[in-house]
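A.B. asks: One structure, as structure tokens, below. Some questions next.
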Amino acid sequence: MKKINEFANFDVLGSYISDWSLVTGFAATITDFDDSVLMGDFDRNEYTVCSVDDSLSLLSIGETVVAQITFGVPAQYAGASAQDETVKNAFKQLQNILSTALNCQYQTSENTAEINKYKEELHTFRNLVDQMLEKSHALDKIESKQRMLALNASIEAARAGEAGKGFAVVADEVGKLASVSGEINHSIKETMNEISDRVDALTAAPTELKL
């Protein structure tokens, strides 16, 4: 499991806490288990820390606890308790908001990592396709030489007259082979280019989502 600071968007989480504070009048911050502040803080002269049980303070990803919420109440309500129904509901509301956001951010982080891994594989595949295209270009030269050899052999067979008939047959077969090889090579190129286009389209797909 990643640590919270490896996937959490604290700016977004902070905005949720700010909006919640404006509505409820309470304060909150996200801390680790040594009470070190991970995101924001509130003035302890204006707010008093309110003790709450785990059902209200813990933030989890699935079954794994990743952080906790420290709640504050205005100094004039220092006697307020998390057992008060209004206070409890307010704290529970923030916990639900932050837990939902954190789980979404974690899942987005995991998905992005998988997509990036997938893109790396696509880049590797694209390199292999490029190598095949280069080899296909080498086949172009071989095809050209085959055609030239077939042509030269036909010319020499014609000069040889009756004695060159057998050689003429061989030259004709070489020419046919060159033609078939060229068609196959052309088909391979078209397929490789289509694969390249599809790979480019997949690697260009957006991967980031802010929650």
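Please note that chains go A, B, ... in the order of the structure tokens, that every chain numbers its residues from 1, and that ligands are numbered from 1 in the order shown.
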Tell me which protein, DNA and RNA residues are within 9 Å of Lys2 (chain A), counting only C-alpha atoms, leaving out same-chain ones fewer than 2 positions away, and put them as an MDAnalysis selection string.

C.D. replies: chainID A and resid 4:7 66 106

A.B. asks: May I have the selected residues written with N, CA and C atoms, as a short mmCIF file (atom, residue, chain, number, x, y, z; two decimals), in the first residue's frame?

C.D. replies:
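out-v8.cif was written with the following content:
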data_model
loop_
_atom_site.label_atom_id
_atom_site.label_comp_id
_atom_site.auth_asym_id
_atom_site.auth_seq_id
_atom_site.Cartn_x
_atom_site.Cartn_y
_atom_site.Cartn_z
N ILE A 4 0.13 7.84 2.12
CA ILE A 4 -0.88 8.82 1.71
C ILE A 4 -0.28 9.94 0.87
N ASN A 5 0.95 10.36 1.22
CA ASN A 5 1.54 11.47 0.46
C ASN A 5 2.05 11.06 -0.92
N GLU A 6 1.92 9.76 -1.24
CA GLU A 6 2.32 9.29 -2.56
C GLU A 6 1.17 9.33 -3.56
N PHE A 7 -0.04 9.52 -3.07
CA PHE A 7 -1.18 9.54 -4.00
C PHE A 7 -2.20 10.63 -3.71
N VAL A 66 -4.74 4.87 6.63
CA VAL A 66 -3.61 5.62 6.07
C VAL A 66 -3.35 6.95 6.79
N TYR A 106 -6.60 7.37 -4.68
CA TYR A 106 -5.74 6.19 -4.66
C TYR A 106 -5.99 5.33 -5.89
#

A.B. asks: With a cut-off of 12 Å, could you pull out the residues of region 156-184 of chain A touching region 125-142 of chain A and give me the nearest pair of atoms for each, distance in Å to one decimal, using only C-alpha atoms, ordered by chain and ascending number, as JSON lines?

C.D. replies:
{"residue": "A:Val174", "atom": "CA", "partner": "A:Ile142", "partner_atom": "CA", "distance": 11.9}
{"residue": "A:Leu177", "atom": "CA", "partner": "A:Ile142", "partner_atom": "CA", "distance": 11.3}
{"residue": "A:Ala178", "atom": "CA", "partner": "A:Ile142", "partner_atom": "CA", "distance": 8.5}
{"residue": "A:Ser179", "atom": "CA", "partner": "A:Asp140", "partner_atom": "CA", "distance": 11.0}
{"residue": "A:Ser181", "atom": "CA", "partner": "A:Leu139", "partner_atom": "CA", "distance": 8.4}
{"residue": "A:Gly182", "atom": "CA", "partner": "A:Asp140", "partner_atom": "CA", "distance": 7.2}
{"residue": "A:Glu183", "atom": "CA", "partner": "A:Asp140", "partner_atom": "CA", "distance": 10.5}
{"residue": "A:Ile184", "atom": "CA", "partner": "A:Ser136", "partner_atom": "CA", "distance": 10.0}

A.B. asks: I want to know what sits within 12 Å of Thr29 (chain A), based on only C-alpha atoms, with residues of the same chain fewer than 3 positions away left out; could you give that as an NGL selection string?

C.D. replies: :A and (10 or 13-18 or 20-21 or 26 or 32 or 35-44 or 47 or 49-50 or 57-59 or 67-73 or 91 or 94-95 or 98)

A.B. asks: Quick one: everything within 12 Å of Ser154 (chain A), counting only C-alpha atoms, minus sequence neighbours fewer than 4 positions away in the same chain. Send it as a short mmCIF file (atom, residue, chain, number, x, y, z; two decimals) with N, CA and C atoms, in the first residue's frame.

C.D. replies:
data_model
loop_
_atom_site.label_atom_id
_atom_site.label_comp_id
_atom_site.auth_asym_id
_atom_site.auth_seq_id
_atom_site.Cartn_x
_atom_site.Cartn_y
_atom_site.Cartn_z
N ARG A 147 15.12 -8.79 -59.29
CA ARG A 147 14.56 -8.39 -60.58
C ARG A 147 15.68 -8.11 -61.59
N MET A 148 16.73 -7.45 -61.11
CA MET A 148 17.85 -7.14 -62.00
C MET A 148 18.54 -8.41 -62.48
N LEU A 149 18.72 -9.38 -61.55
CA LEU A 149 19.35 -10.66 -61.92
C LEU A 149 18.48 -11.41 -62.93
N ALA A 150 17.16 -11.39 -62.70
CA ALA A 150 16.24 -12.08 -63.61
C ALA A 150 16.30 -11.45 -65.00
N ALA A 158 18.59 -15.25 -73.95
CA ALA A 158 18.18 -14.91 -75.32
C ALA A 158 19.38 -14.92 -76.25
N ARG A 159 20.50 -14.44 -75.78
CA ARG A 159 21.72 -14.43 -76.59
C ARG A 159 22.20 -15.85 -76.87
N ALA A 160 21.98 -16.72 -75.88
CA ALA A 160 22.48 -18.10 -76.02
C ALA A 160 21.61 -18.93 -76.94
N GLY A 161 20.44 -18.39 -77.28
CA GLY A 161 19.55 -19.12 -78.19
C GLY A 161 19.04 -20.40 -77.58
N GLY A 164 20.26 -21.65 -74.27
CA GLY A 164 19.91 -20.87 -73.08
C GLY A 164 18.48 -21.02 -72.63
N LYS A 165 17.73 -21.95 -73.24
CA LYS A 165 16.32 -22.09 -72.88
C LYS A 165 16.13 -22.48 -71.40
N GLY A 166 16.92 -23.43 -70.95
CA GLY A 166 16.81 -23.85 -69.54
C GLY A 166 17.11 -22.71 -68.60
N PHE A 167 18.10 -21.91 -68.97
CA PHE A 167 18.48 -20.77 -68.15
C PHE A 167 17.37 -19.73 -68.16
N ALA A 168 16.67 -19.64 -69.30
CA ALA A 168 15.57 -18.67 -69.41
C ALA A 168 14.43 -19.04 -68.46
N VAL A 169 14.19 -20.35 -68.31
CA VAL A 169 13.14 -20.80 -67.38
C VAL A 169 13.49 -20.40 -65.95
N VAL A 170 14.77 -20.62 -65.61
CA VAL A 170 15.22 -20.25 -64.26
C VAL A 170 15.08 -18.74 -64.05
N ALA A 171 15.46 -17.97 -65.08
CA ALA A 171 15.37 -16.51 -64.97
C ALA A 171 13.93 -16.07 -64.78
N ASP A 172 13.02 -16.75 -65.48
CA ASP A 172 11.60 -16.42 -65.36
C ASP A 172 11.09 -16.70 -63.96
N GLU A 173 11.53 -17.83 -63.39
CA GLU A 173 11.11 -18.19 -62.03
C GLU A 173 11.66 -17.21 -61.00
N VAL A 174 12.88 -16.78 -61.21
CA VAL A 174 13.48 -15.78 -60.30
C VAL A 174 12.69 -14.48 -60.36
N GLY A 175 12.28 -14.12 -61.57
CA GLY A 175 11.48 -12.90 -61.72
C GLY A 175 10.15 -13.01 -61.01
#
